[in-house]
Structure formats: C-alpha cells, structure tokens
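Visitor: model10.cif is the file, holding mmCIF, C-alpha atoms:
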data_entry
loop_
_atom_site.label_atom_id
_atom_site.label_comp_id
_atom_site.auth_asym_id
_atom_site.auth_seq_id
_atom_site.Cartn_x
_atom_site.Cartn_y
_atom_site.Cartn_z
CA MET K 1 0.00 0.00 0.00
CA SER K 2 2.93 2.31 0.52
CA ALA K 3 4.12 4.45 -2.33
CA ASP K 4 7.54 4.68 -0.72
CA LEU K 5 10.05 2.95 -2.98
CA GLU K 6 13.02 3.46 -0.67
CA PRO K 7 14.54 0.16 0.40
CA THR K 8 14.01 -0.46 4.09
CA SER K 9 15.98 -2.55 6.55
CA PRO K 10 14.40 -5.85 7.49
CA SER K 11 13.00 -5.93 10.99
CA ILE K 12 14.61 -8.01 13.72
CA ASP K 13 11.69 -10.41 13.51
CA ASP K 14 12.25 -10.79 9.77
CA ILE K 15 15.93 -11.58 10.32
CA VAL K 16 15.16 -14.10 13.07
CA GLU K 17 12.62 -15.77 10.83
CA LEU K 18 15.20 -16.10 8.06
CA LYS K 19 17.83 -17.41 10.46
CA ALA K 20 15.44 -20.02 11.83
CA MET K 21 14.96 -21.26 8.26
CA ARG K 22 18.60 -22.33 8.20
CA ALA K 23 17.58 -25.33 10.33
CA LEU K 24 18.12 -28.78 8.87
CA ASP K 25 15.10 -30.86 7.99
CA GLU K 26 14.31 -34.16 9.73
CA ARG K 27 16.31 -36.05 7.12
CA GLY K 28 19.46 -34.10 7.97
CA LEU K 29 18.91 -34.55 11.71
CA ARG K 30 18.49 -38.29 11.18
CA THR K 31 21.77 -38.43 9.24
CA LEU K 32 23.70 -36.57 11.92
CA PHE K 33 22.10 -37.77 15.12
CA VAL K 34 18.85 -39.71 15.19
CA ASP K 35 19.70 -42.64 12.90
CA ALA K 36 23.50 -42.43 13.19
CA ARG K 37 25.12 -45.24 15.15
CA SER K 38 28.70 -46.16 15.99
CA ALA K 39 29.76 -48.75 13.41
CA ASN K 40 31.11 -52.08 14.68
CA GLY K 41 32.09 -53.38 11.25
CA PHE K 42 32.36 -52.09 7.70
CA LEU K 43 31.38 -53.08 4.22
CA PRO K 44 34.38 -53.89 2.00
CA ARG K 45 34.34 -50.72 -0.02
CA PRO K 46 36.94 -47.92 -0.05
CA VAL K 47 36.48 -44.28 0.89
CA PRO K 48 38.07 -41.90 -1.63
CA HIS K 49 40.74 -39.50 -0.37
CA SER K 50 38.79 -36.64 -1.88
CA LEU K 51 35.83 -37.40 0.41
CA ILE K 52 38.04 -37.57 3.49
CA GLU K 53 39.69 -34.30 2.55
CA ARG K 54 36.29 -32.66 2.14
CA ILE K 55 35.27 -33.88 5.60
CA PHE K 56 38.46 -32.44 7.01
CA GLU K 57 37.91 -29.08 5.33
CA LEU K 58 34.37 -28.82 6.67
CA ALA K 59 35.34 -29.90 10.17
CA GLN K 60 38.19 -27.45 10.27
CA LEU K 61 35.71 -24.58 9.92
CA GLY K 62 34.33 -25.35 13.39
CA PRO K 63 35.31 -23.11 16.28
CA THR K 64 38.43 -23.59 18.40
CA SER K 65 39.72 -21.33 21.12
CA ALA K 66 41.66 -18.50 19.44
CA ASN K 67 41.45 -20.48 16.18
CA THR K 68 44.35 -22.64 17.34
CA LEU K 69 43.31 -25.75 15.36
CA PRO K 70 45.57 -28.20 17.23
CA LEU K 71 44.05 -31.37 15.70
CA ARG K 72 46.33 -33.54 13.58
CA ILE K 73 45.05 -36.66 11.83
CA LEU K 74 46.76 -39.73 10.50
CA PHE K 75 44.49 -41.72 8.17
CA VAL K 76 45.64 -45.32 8.32
CA GLU K 77 44.55 -47.34 5.29
CA THR K 78 47.48 -49.37 3.91
CA PRO K 79 48.31 -52.93 4.99
CA ASP K 80 51.58 -51.64 6.46
CA GLY K 81 49.81 -48.92 8.41
CA LYS K 82 47.17 -51.32 9.70
CA ALA K 83 49.89 -53.80 10.71
CA ARG K 84 51.41 -51.13 12.94
CA LEU K 85 48.05 -50.08 14.34
CA LEU K 86 46.34 -53.37 15.18
CA PRO K 87 48.77 -54.54 17.89
CA THR K 88 48.07 -51.37 19.89
CA LEU K 89 44.30 -52.02 20.06
CA SER K 90 42.26 -53.75 22.74
CA PRO K 91 41.33 -57.24 21.48
CA GLY K 92 37.68 -56.27 21.04
CA ASN K 93 38.62 -53.51 18.61
CA VAL K 94 40.80 -55.51 16.20
CA GLU K 95 38.18 -57.10 13.97
CA LYS K 96 36.15 -53.95 13.40
CA THR K 97 39.28 -51.95 12.69
CA THR K 98 40.52 -54.62 10.27
CA SER K 99 37.26 -54.29 8.38
CA ALA K 100 37.39 -50.49 8.16
CA PRO K 101 38.73 -49.08 4.89
CA VAL K 102 40.38 -46.27 6.85
CA THR K 103 41.06 -45.53 10.50
CA ALA K 104 41.62 -41.94 11.62
CA ILE K 105 44.05 -41.41 14.47
CA PHE K 106 43.13 -38.09 16.10
CA ALA K 107 46.06 -36.41 17.82
CA ALA K 108 46.78 -33.10 19.53
CA ASP K 109 49.83 -31.11 18.47
CA THR K 110 51.41 -29.89 21.70
CA LYS K 111 53.41 -27.34 19.67
CA PHE K 112 50.25 -25.88 18.13
CA PHE K 113 51.17 -22.45 19.49
CA GLU K 114 53.90 -22.01 16.89
CA HIS K 115 51.10 -21.42 14.36
CA ILE K 116 49.23 -18.78 16.35
CA PRO K 117 50.78 -15.76 14.59
CA ARG K 118 49.48 -17.14 11.28
CA LEU K 119 46.10 -18.52 12.46
CA PHE K 120 45.17 -15.69 14.83
CA PRO K 121 46.93 -12.77 13.19
CA HIS K 122 45.30 -9.98 15.20
CA ALA K 123 46.77 -11.32 18.46
CA PRO K 124 50.04 -13.07 17.64
CA GLN K 125 51.25 -12.52 21.21
CA PHE K 126 48.80 -15.20 22.37
CA ARG K 127 51.61 -17.58 21.37
CA GLU K 128 53.66 -16.51 24.39
CA ARG K 129 51.09 -17.90 26.79
CA PHE K 130 52.09 -21.41 25.69
CA ALA K 131 55.73 -21.12 24.64
CA GLY K 132 58.50 -22.33 26.94
CA GLU K 133 58.97 -25.34 29.17
CA GLU K 134 57.16 -23.66 32.08
CA ASN K 135 53.97 -23.56 29.99
CA ALA K 136 54.23 -27.05 28.52
CA GLU K 137 51.53 -28.57 30.71
CA ALA K 138 49.07 -25.75 29.99
CA ALA K 139 49.87 -26.03 26.29
CA THR K 140 49.21 -29.77 26.27
CA GLN K 141 45.92 -29.35 28.11
CA PHE K 142 44.81 -26.61 25.74
CA ALA K 143 45.82 -28.69 22.71
CA VAL K 144 43.97 -31.76 23.95
CA THR K 145 40.76 -29.83 24.69
CA ASN K 146 40.62 -28.04 21.38
CA ALA K 147 41.72 -31.03 19.31
CA THR K 148 38.96 -33.03 21.02
CA LEU K 149 36.43 -30.44 19.86
CA GLN K 150 37.80 -30.74 16.35
CA GLY K 151 37.65 -34.53 16.41
CA ALA K 152 33.99 -34.31 17.34
CA TYR K 153 33.38 -31.91 14.46
CA PHE K 154 35.19 -34.34 12.17
CA MET K 155 33.02 -37.28 13.18
CA LEU K 156 29.82 -35.30 12.59
CA ALA K 157 31.15 -33.97 9.28
CA ALA K 158 31.87 -37.57 8.22
CA ARG K 159 28.27 -38.47 8.99
CA ALA K 160 27.12 -35.33 7.19
CA LEU K 161 28.82 -36.65 4.05
CA GLY K 162 27.13 -40.04 4.34
CA LEU K 163 29.79 -42.12 6.10
CA ASP K 164 29.50 -44.25 9.20
CA VAL K 165 31.95 -43.64 12.03
CA GLY K 166 33.15 -46.05 14.69
CA PRO K 167 35.06 -44.22 17.44
CA ILE K 168 37.51 -46.27 19.50
CA GLY K 169 38.95 -45.40 22.89
CA GLY K 170 40.28 -48.84 23.75
CA PHE K 171 43.93 -48.84 22.73
CA ASP K 172 47.36 -48.62 24.31
CA LYS K 173 48.10 -44.91 24.06
CA PRO K 174 51.85 -45.04 24.82
CA ALA K 175 52.28 -47.92 22.35
CA LEU K 176 50.33 -46.12 19.63
CA ASP K 177 52.20 -42.87 20.20
CA ALA K 178 55.51 -44.74 20.04
CA ALA K 179 54.47 -46.43 16.79
CA PHE K 180 53.15 -43.34 15.00
CA PHE K 181 54.35 -40.20 16.81
CA PRO K 182 57.79 -41.14 18.12
CA ASP K 183 59.08 -37.59 18.53
CA GLY K 184 56.55 -36.91 21.29
CA THR K 185 55.05 -33.73 19.86
CA PHE K 186 51.70 -35.28 18.95
CA LYS K 187 49.55 -36.98 21.60
CA SER K 188 46.95 -39.43 20.36
CA LEU K 189 43.39 -38.83 21.56
CA TRP K 190 41.14 -41.52 20.10
CA LEU K 191 40.58 -43.37 16.85
CA ALA K 192 37.66 -43.40 14.45
CA ASN K 193 37.03 -46.10 11.89
CA LEU K 194 35.48 -44.61 8.76
CA GLY K 195 33.56 -46.19 5.93
CA TYR K 196 30.16 -47.62 5.11
CA GLY K 197 29.02 -49.59 8.13
CA ASP K 198 27.88 -53.19 8.18
CA ASP K 199 24.58 -52.67 9.95
CA THR K 200 24.24 -56.36 10.79
CA LYS K 201 26.97 -55.69 13.40
CA LEU K 202 25.05 -52.96 15.23
CA VAL K 203 24.04 -53.47 18.84
CA PRO K 204 20.93 -51.87 20.40
CA ARG K 205 21.38 -48.24 21.36
CA ASN K 206 22.21 -47.66 25.01
CA PRO K 207 19.94 -45.51 27.22
CA ARG K 208 20.27 -41.74 27.47
CA PHE K 209 19.46 -39.31 30.28
CA ASP K 210 16.26 -37.31 30.40
CA VAL K 211 17.09 -33.67 29.79
CA ASP K 212 16.08 -32.54 33.26
CA GLU K 213 18.45 -35.03 34.90
CA VAL K 214 21.54 -33.39 33.48
CA ALA K 215 20.57 -29.89 32.35
CA ARG K 216 18.85 -27.07 34.11
CA PHE K 217 17.75 -23.50 33.45
CA LEU K 218 18.81 -20.76 35.79
CA MET Y 1 13.98 -60.11 -17.59
CA SER Y 2 14.16 -62.71 -14.83
CA ALA Y 3 11.07 -64.72 -14.04
CA ASP Y 4 12.39 -65.31 -10.55
CA LEU Y 5 10.06 -63.62 -8.08
CA GLU Y 6 12.02 -64.56 -4.96
CA PRO Y 7 13.20 -61.49 -3.09
CA THR Y 8 16.96 -61.11 -3.21
CA SER Y 9 19.34 -59.38 -0.85
CA PRO Y 10 20.64 -56.03 -2.05
CA SER Y 11 24.27 -56.11 -3.18
CA ILE Y 12 26.98 -54.39 -1.19
CA ASP Y 13 27.20 -51.76 -3.90
CA ASP Y 14 23.47 -51.12 -3.61
CA ILE Y 15 23.77 -50.65 0.16
CA VAL Y 16 26.74 -48.32 -0.18
CA GLU Y 17 24.86 -46.28 -2.76
CA LEU Y 18 21.91 -45.93 -0.38
CA LYS Y 19 24.17 -45.03 2.53
CA ALA Y 20 25.93 -42.37 0.47
CA MET Y 21 22.53 -40.80 -0.19
CA ARG Y 22 22.23 -40.00 3.51
CA ALA Y 23 24.65 -37.12 2.91
CA LEU Y 24 23.43 -33.61 3.62
CA ASP Y 25 22.97 -31.25 0.73
CA GLU Y 26 25.00 -28.06 0.36
CA ARG Y 27 22.38 -26.12 2.28
CA GLY Y 28 22.82 -28.35 5.31
CA LEU Y 29 26.61 -28.17 5.10
CA ARG Y 30 26.39 -24.39 4.94
CA THR Y 31 24.20 -24.33 8.06
CA LEU Y 32 26.57 -26.54 10.04
CA PHE Y 33 29.97 -25.48 8.79
CA VAL Y 34 30.46 -23.31 5.73
CA ASP Y 35 28.33 -20.29 6.63
CA ALA Y 36 28.29 -20.82 10.40
CA ARG Y 37 30.28 -18.32 12.41
CA SER Y 38 30.91 -17.73 16.10
CA ALA Y 39 28.46 -15.03 17.16
CA ASN Y 40 29.84 -11.92 18.86
CA GLY Y 41 26.47 -10.43 19.67
CA PHE Y 42 22.82 -11.44 19.57
CA LEU Y 43 19.51 -10.07 18.41
CA PRO Y 44 17.10 -9.31 21.29
CA ARG Y 45 14.86 -12.31 20.82
CA PRO Y 46 14.41 -15.28 23.19
CA VAL Y 47 15.11 -18.94 22.50
CA PRO Y 48 12.29 -21.22 23.71
CA HIS Y 49 13.15 -23.90 26.25
CA SER Y 50 11.59 -26.50 23.97
CA LEU Y 51 14.17 -25.70 21.26
CA ILE Y 52 17.07 -25.94 23.72
CA GLU Y 53 15.76 -29.24 25.02
CA ARG Y 54 15.49 -30.58 21.47
CA ILE Y 55 19.11 -29.56 20.84
CA PHE Y 56 20.14 -31.36 23.99
CA GLU Y 57 18.28 -34.53 23.04
CA LEU Y 58 19.87 -34.62 19.60
CA ALA Y 59 23.35 -33.91 20.91
CA GLN Y 60 23.02 -36.57 23.58
CA LEU Y 61 22.68 -39.21 20.83
CA GLY Y 62 26.28 -38.62 19.78
CA PRO Y 63 28.92 -41.15 20.81
CA THR Y 64 30.81 -41.08 24.11
CA SER Y 65 33.23 -43.65 25.42
CA ALA Y 66 31.18 -46.47 26.98
CA ASN Y 67 28.11 -44.22 26.69
CA THR Y 68 29.20 -42.39 29.83
CA LEU Y 69 27.54 -39.06 28.89
CA PRO Y 70 29.38 -36.94 31.48
CA LEU Y 71 28.24 -33.55 30.13
CA ARG Y 72 26.10 -31.41 32.41
CA ILE Y 73 24.71 -28.07 31.24
CA LEU Y 74 23.47 -25.03 33.08
CA PHE Y 75 21.50 -22.69 30.81
CA VAL Y 76 21.81 -19.20 32.27
CA GLU Y 77 19.04 -16.88 31.12
CA THR Y 78 17.58 -14.95 34.07
CA PRO Y 79 18.86 -11.57 35.28
CA ASP Y 80 19.96 -13.21 38.54
CA GLY Y 81 21.83 -15.97 36.71
CA LYS Y 82 23.52 -13.47 34.38
CA ALA Y 83 24.48 -11.31 37.37
CA ARG Y 84 26.38 -14.24 38.85
CA LEU Y 85 27.96 -15.16 35.51
CA LEU Y 86 29.16 -11.83 34.15
CA PRO Y 87 31.77 -11.07 36.87
CA THR Y 88 33.57 -14.33 36.04
CA LEU Y 89 34.09 -13.41 32.38
CA SER Y 90 37.05 -11.75 30.72
CA PRO Y 91 36.14 -8.12 29.96
CA GLY Y 92 35.93 -8.78 26.22
CA ASN Y 93 33.23 -11.39 26.74
CA VAL Y 94 30.82 -9.36 28.89
CA GLU Y 95 28.95 -7.40 26.24
CA LYS Y 96 28.30 -10.33 23.92
CA THR Y 97 27.17 -12.49 26.83
CA THR Y 98 24.89 -9.74 28.08
CA SER Y 99 23.23 -9.66 24.67
CA ALA Y 100 22.73 -13.44 24.48
CA PRO Y 101 19.26 -14.67 25.45
CA VAL Y 102 20.85 -17.76 27.01
CA THR Y 103 24.38 -18.84 27.91
CA ALA Y 104 25.17 -22.53 28.26
CA ILE Y 105 27.76 -23.49 30.85
CA PHE Y 106 29.20 -26.84 29.79
CA ALA Y 107 30.56 -28.88 32.68
CA ALA Y 108 31.95 -32.36 33.27
CA ASP Y 109 30.49 -34.48 36.05
CA THR Y 110 33.48 -36.07 37.78
CA LYS Y 111 31.11 -38.60 39.39
CA PHE Y 112 29.72 -39.67 36.01
CA PHE Y 113 30.74 -43.27 36.76
CA GLU Y 114 27.90 -43.71 39.25
CA HIS Y 115 25.57 -43.86 36.22
CA ILE Y 116 27.50 -46.52 34.29
CA PRO Y 117 25.38 -49.48 35.44
CA ARG Y 118 22.33 -47.75 34.02
CA LEU Y 119 23.87 -46.22 30.87
CA PHE Y 120 26.10 -49.16 29.88
CA PRO Y 121 24.10 -52.07 31.27
CA HIS Y 122 26.03 -54.88 29.57
CA ALA Y 123 29.26 -53.91 31.40
CA PRO Y 124 28.29 -52.35 34.74
CA GLN Y 125 31.69 -53.30 36.18
CA PHE Y 126 33.26 -50.52 34.04
CA ARG Y 127 32.20 -48.29 36.92
CA GLU Y 128 34.95 -49.76 39.12
CA ARG Y 129 37.66 -48.38 36.87
CA PHE Y 130 36.74 -44.87 38.06
CA ALA Y 131 35.40 -45.35 41.58
CA GLY Y 132 37.53 -44.55 44.60
CA GLU Y 133 39.93 -41.78 45.49
CA GLU Y 134 42.83 -43.54 43.78
CA ASN Y 135 41.02 -43.24 40.43
CA ALA Y 136 39.79 -39.67 40.86
CA GLU Y 137 42.32 -38.14 38.48
CA ALA Y 138 41.59 -40.70 35.75
CA ALA Y 139 37.86 -40.17 36.28
CA THR Y 140 38.19 -36.40 35.94
CA GLN Y 141 40.27 -36.71 32.78
CA PHE Y 142 37.78 -39.16 31.26
CA ALA Y 143 34.85 -36.93 32.20
CA VAL Y 144 36.47 -33.84 30.70
CA THR Y 145 37.33 -35.56 27.42
CA ASN Y 146 33.91 -37.08 26.88
CA ALA Y 147 32.01 -34.01 28.06
CA THR Y 148 34.08 -31.96 25.61
CA LEU Y 149 32.93 -34.24 22.79
CA GLN Y 150 29.35 -33.76 23.91
CA GLY Y 151 29.72 -30.00 24.09
CA ALA Y 152 30.92 -30.02 20.49
CA TYR Y 153 27.91 -32.11 19.46
CA PHE Y 154 25.68 -29.65 21.29
CA MET Y 155 27.09 -26.64 19.45
CA LEU Y 156 26.62 -28.31 16.06
CA ALA Y 157 23.12 -29.47 17.02
CA ALA Y 158 22.29 -25.86 17.94
CA ARG Y 159 23.42 -24.76 14.51
CA ALA Y 160 21.48 -27.64 12.96
CA LEU Y 161 18.33 -26.20 14.52
CA GLY Y 162 19.01 -22.74 13.14
CA LEU Y 163 20.68 -21.02 16.08
CA ASP Y 164 23.95 -19.14 16.22
CA VAL Y 165 26.53 -20.14 18.81
CA GLY Y 166 29.24 -18.06 20.41
CA PRO Y 167 31.66 -20.25 22.38
CA ILE Y 168 33.66 -18.57 25.14
CA GLY Y 169 36.84 -19.83 26.75
CA GLY Y 170 37.86 -16.57 28.40
CA PHE Y 171 36.54 -16.76 31.95
CA ASP Y 172 37.80 -17.37 35.47
CA LYS Y 173 37.23 -21.10 35.89
CA PRO Y 174 37.68 -21.30 39.68
CA ALA Y 175 35.41 -18.27 40.15
CA LEU Y 176 32.73 -19.69 37.87
CA ASP Y 177 32.89 -23.11 39.50
CA ALA Y 178 32.60 -21.49 42.93
CA ALA Y 179 29.59 -19.47 41.78
CA PHE Y 180 27.69 -22.29 40.09
CA PHE Y 181 29.15 -25.65 41.18
CA PRO Y 182 30.24 -25.08 44.78
CA ASP Y 183 30.28 -28.74 45.79
CA GLY Y 184 33.19 -29.46 43.43
CA THR Y 185 31.64 -32.39 41.56
CA PHE Y 186 31.13 -30.52 38.29
CA LYS Y 187 34.06 -28.89 36.49
CA SER Y 188 33.23 -26.14 34.01
CA LEU Y 189 34.67 -26.58 30.52
CA TRP Y 190 33.61 -23.63 28.40
CA LEU Y 191 30.55 -21.47 27.74
CA ALA Y 192 28.42 -21.01 24.67
CA ASN Y 193 26.14 -18.08 24.06
CA LEU Y 194 23.05 -19.18 22.14
CA GLY Y 195 20.52 -17.22 20.15
CA TYR Y 196 20.07 -15.50 16.82
CA GLY Y 197 23.32 -13.70 16.08
CA ASP Y 198 23.74 -10.05 15.26
CA ASP Y 199 25.74 -10.45 12.07
CA THR Y 200 26.88 -6.84 12.10
CA LYS Y 201 29.20 -7.92 14.95
CA LEU Y 202 30.99 -10.63 12.97
CA VAL Y 203 34.68 -10.35 12.28
CA PRO Y 204 36.36 -11.83 9.18
CA ARG Y 205 37.02 -15.56 9.40
CA ASN Y 206 40.52 -16.49 10.45
CA PRO Y 207 42.76 -18.63 8.20
CA ARG Y 208 42.69 -22.43 8.24
CA PHE Y 209 45.36 -25.01 7.46
CA ASP Y 210 45.61 -26.76 4.13
CA VAL Y 211 44.65 -30.40 4.63
CA ASP Y 212 48.09 -31.73 3.79
CA GLU Y 213 49.72 -29.56 6.44
CA VAL Y 214 47.92 -31.30 9.30
CA ALA Y 215 46.62 -34.62 7.97
CA ARG Y 216 48.30 -37.44 6.16
CA PHE Y 217 47.47 -40.85 4.73
CA LEU Y 218 49.50 -43.86 5.74
#
Could you render the structure as structure tokens?

Guide:
Amino acid sequence: MSADLEPTSPSIDDIVELKAMRALDERGLRTLFVDARSANGFLPRPVPHSLIERIFELAQLGPTSANTLPLRILFVETPDGKARLLPTLSPGNVEKTTSAPVTAIFAADTKFFEHIPRLFPHAPQFRERFAGEENAEAATQFAVTNATLQGAYFMLAARALGLDVGPIGGFDKPALDAAFFPDGTFKSLWLANLGYGDDTKLVPRNPRFDVDEVARFL
Amino acid sequence: MSADLEPTSPSIDDIVELKAMRALDERGLRTLFVDARSANGFLPRPVPHSLIERIFELAQLGPTSANTLPLRILFVETPDGKARLLPTLSPGNVEKTTSAPVTAIFAADTKFFEHIPRLFPHAPQFRERFAGEENAEAATQFAVTNATLQGAYFMLAARALGLDVGPIGGFDKPALDAAFFPDGTFKSLWLANLGYGDDTKLVPRNPRFDVDEVARFL
C-alpha cells in the first residue's frame, strides 16, 4: 500500500525468521544424530581420499579457542599402516578396525602455538602464553581440549557426508604414540574407523538421560 | 527379464549407494559449517526452552566412550543468573554475553561413573575403573574428554536447529565453578552463548590449514 520505494531494513523479527529457516530438515537430523550409530564393522568398499579431505575441510571450519586448530590426523589405510596399528588395540577392537577401509588417528599437536601468529593474526602474542617449558603442561591441556572439539566436528562432518563412524577409545596410548608419533610432539586422543558400516553388526542403542536429569535453566 | 520372483538381498554396492545418499545437501553443510560463524552479539529475541531441550536430546545421541555421557549443562538466562555469571568473564566477553538470550555453561560431572550401570548395562563393572579416590584423576580426565565431545555435538546441534553459537573460553574457571558448582563435583569446561546472532558484529574468518599440512594418509 505504501508508495515509498526506498529500500528499508528488514525488521529483527524478519531476520530471526530467516535465520530459523537455516535449520536442517528431519532427514538431515536423522543423518547426523537420530539414525546415526557407531559402526562395529564395515562393508568392503573404499572411501576416496577426496571425500576424506572434504570432511576435514568442513570440520576445520568449526570453532576452536583463538582459532588454534591443534588437531592432527593420521588416516591409516594401507596394509603396512594397519599392521602397525592393530597390535596397539584392545582385542575387542581388532576385527572392526581390520574391516574399516580407513582408521583416523586423532592427535593433539602440543606445539600448536607455533602457528598462532598465522592462524590468529590480530593477536600473535597469544603464542607466548604457551611457549617455553614452564607452559608445557598448559599447552598440552589446551591442545587436547581443542583437538577433542575438532575430532567431534570431524566425526559429525563424516556423517554429514554419508559415512558411518566407529570411534575407539580402547587402545594402548603409549604404544600407539611410540608407533606413530615417536618424537613426542603429537599426543593421540582416540581413533575413528570410517567407511560404510555393516549394519548387521550394530548393537541396540544404550539408554540416554532425560534432559532434566543433566541440564537445568537458571 | 528374470522370471524369478524370490526377493533377493541387495548387493553391497546397492547398500553403499543408499548409505551415500544420507549425505546432507549443500544447504545443510552451509548451516553446520560453511556459513556458520561464532556469534559476537545477539539479536534481542528469546530462545524457547523447547528448542534448547530438542538440541540437547539430539546432541546426547552422539557417541561417548562407553556411553558415559558426562556432560552437564546449566542454561543461564535470568537476570539473577547473568548477574552471577558476568563477573567471572574476561572483559571482552561481557557485552556479547549480556546480549545473548541464554548462555550454556558446559561442565563435566566427575562422578559420572555412578551412572555406568544404568547407561552401559552390559558392562556395569566398568564403573569400578573410576570409583575410589585412587582413580579420581583418571575419572576427571575421562569426564572432561567425553564431556568436551558432547559440548561439540551440542554446538553443532544448535546450529542444525538454526541457532547461532558463540563459544567462550575466556573466563575465570575457579570463580565460575565457585559461583555455580560449589560442591566441586562438576568442572566447568567452556561457555556457549546461544541465540540469533547479530551479524553486524561478525569479524572476518581467520585462516585455516591446508589439509596436507595437518593430515596425512598412511
């Protein structure tokens, strides 16, 4: 009805309405969360490097403290690589890992701070908080926390691109670090088998908490 | 062409093709990763409890080691809650947190192991690995790692439901724990402001690594 042809700013309610429309549909939520299960075995089909690299690129966009990005990943896929990996696993994790076309070793780079001037260019001095032997423990803790965030992003990004993920915590950490990260700079966190899962190996989903048992509004 | 009317099992290639079709489309990937940015301010509109609870329920489906689910969340939204929270923040985080309709405090429950018999019913004895004073440090480390995973799932689930997230690591952890978790069982991890972001407050995205700088195939 208005004859005013000047462009106007959208209202806050308009912007909120548009932002809410970013939400995934039920299909996307099923892929990421509702239907997704930890794979216990894999179909004998490869995963192309290009797909793994795309997962990495997406996951790396997720937030880390001061953009420090301390996650490092070794993707083990060759017979030689698997032969070094399998002896470090708990017995119950050997068969499923053997069946996986690729196993990601997530590790934290305890020297991540050397990259701060490049990754967080407006505050390069943040590096000094972690440099030096006296800060080594704080640096390791910070690296582990933020690399753990990134590993979680990676697992959800893998699901987002249609893969199944089988995370593994049962392995001999010192033995794995000695086998793959002998110089001591990288600390392994956990492993994730990647591929297309053999759903006949799934077990029933374990229980979850009710929201009000573990979360509260204040 | 076959006259055989017996049902046949799908081939492995058929199953893989179906599984690959679970992948999100570009729109979903933009919502989760490509377009998503850490909010530095929020539009003055509330987030309904029902939406936050739905985010929690989705996030809680993500994998944790032995389904231990050690994440606890306090959603701070009232003036009283904010008044207790703001003094614990670094000065640069006060204004953005003031503008957020709700701030999630992510914490790890160091007594998570008491719930193992219920959450991981086929191996209730896993509880014993963490019970007792002699295992307290291992229990805390395990709780922190797995709660960190869950906090990452939560932030991506919030984005998946159309919200903006602003994670905050700059706060006085002992002061915050004293203000909100005085009995010492919960350890705060980080905070996340939640709401519909004020995009005029965004800063340019920081650089990321090239894949081959931080990941390698073996």

Visitor: Tell me, as a list of chain:residue names, which residues lie within 10 Å of Y:Ile12, counting all atoms listed in the file; anything in the same chain fewer than 5 positions away does not count.

Guide: K:Leu43, K:Pro44, K:Arg45, K:Tyr196, K:Asp198, Y:Glu17, Y:Leu18

Visitor: Can you check which residues of chain Y have any atom within 7 Å of chain K? Use only C-alpha atoms and format it as number ranges by chain.

Guide: Y: 16, 19-24, 28, 31, 33-34, 38, 53, 56-58, 61-63, 65, 72-78, 81, 119-120, 148-149, 152-153, 160-163, 169, 196, 206-208, 211, 214-218

Visitor: Quick one: what's the axis-aligned box for stretch 135-147 of chain K, all listed atoms, 4 Å on every side, centre and edges in Å to one decimal, as JSON?

Guide:
{"center_x": 47.4, "center_y": -27.7, "center_z": 25.0, "size_x": 21.6, "size_y": 16.2, "size_z": 19.4}

Visitor: For K:Phe154, which residue among K:Ile55, K:Ala192, K:Ala108, K:Ala179 is the nearest when counting all atoms listed in the file?

Guide: K:Ile55

Visitor: Kindly give the distance, in Å, that separates atom CA of Y:Leu176 and atom CA of Y:Thr88, rounded to a single decimal.

Guide: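 Between atom CA of Y:Leu176 and atom CA of Y:Thr88 the gap works out to 5.7 Å.
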
Visitor: Between atom CA of Y:Lys96 and atom CA of K:Pro7, measure the distance and give it in Å to one decimal.

Guide: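 Computing the Euclidean distance for atom CA of Y:Lys96 and atom CA of K:Pro7 yields 29.2 Å.
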
Visitor: For the provided coordinates, the residues matched by the PyMOL selection byres ((chain Y and resi 175) around 12) should be stated as a PyMOL selection string.

Guide: chain Y and resi 84-90+171-174+176-182+184+187-188

Visitor: Could you jot down the atom CA of Y:Asn193 to atom CA of Y:Asn93 separation for me, Å, one decimal place?

Guide: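 Taking atom CA of Y:Asn193 as the start and atom CA of Y:Asn93 as the end point, the length is 10.1 Å.
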
Visitor: Restricting the calculation to only C-alpha atoms: of K:Ser99, K:Leu51, K:Val94, K:Phe113, which residue gets closest to K:Thr140?

Guide: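 Going through K:Ser99, K:Leu51, K:Val94, K:Phe113 one by one, the smallest distance to K:Thr140 is for K:Phe113.
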
Visitor: For this file, the PyMOL selection byres ((chain K and resi 200) around 10) selects which residues, as a CSV table (one decimal) with C-alpha atoms, in the frame of the given file?

Guide:
chain,number,residue,atom,x,y,z
K,39,ALA,CA,29.8,-48.8,13.4
K,40,ASN,CA,31.1,-52.1,14.7
K,41,GLY,CA,32.1,-53.4,11.2
K,42,PHE,CA,32.4,-52.1,7.7
K,197,GLY,CA,29.0,-49.6,8.1
K,198,ASP,CA,27.9,-53.2,8.2
K,199,ASP,CA,24.6,-52.7,10.0
K,201,LYS,CA,27.0,-55.7,13.4
K,202,LEU,CA,25.0,-53.0,15.2
K,203,VAL,CA,24.0,-53.5,18.8

Visitor: Nearest to Y:Ala83 among Y:Phe186, Y:Thr98, Y:Thr110, Y:Arg127, with distances taken over all atoms listed in the file: which residue is it?

Guide: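 Checking each candidate against Y:Ala83, we get Y:Thr98 as the closest.
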
Visitor: Using all atoms listed in the file, pick whichever of Y:Leu191, Y:Ser11, Y:Glu128, Y:Pro48 has the shortest atom-to-atom distance to Y:Pro101.

Guide: Y:Pro48
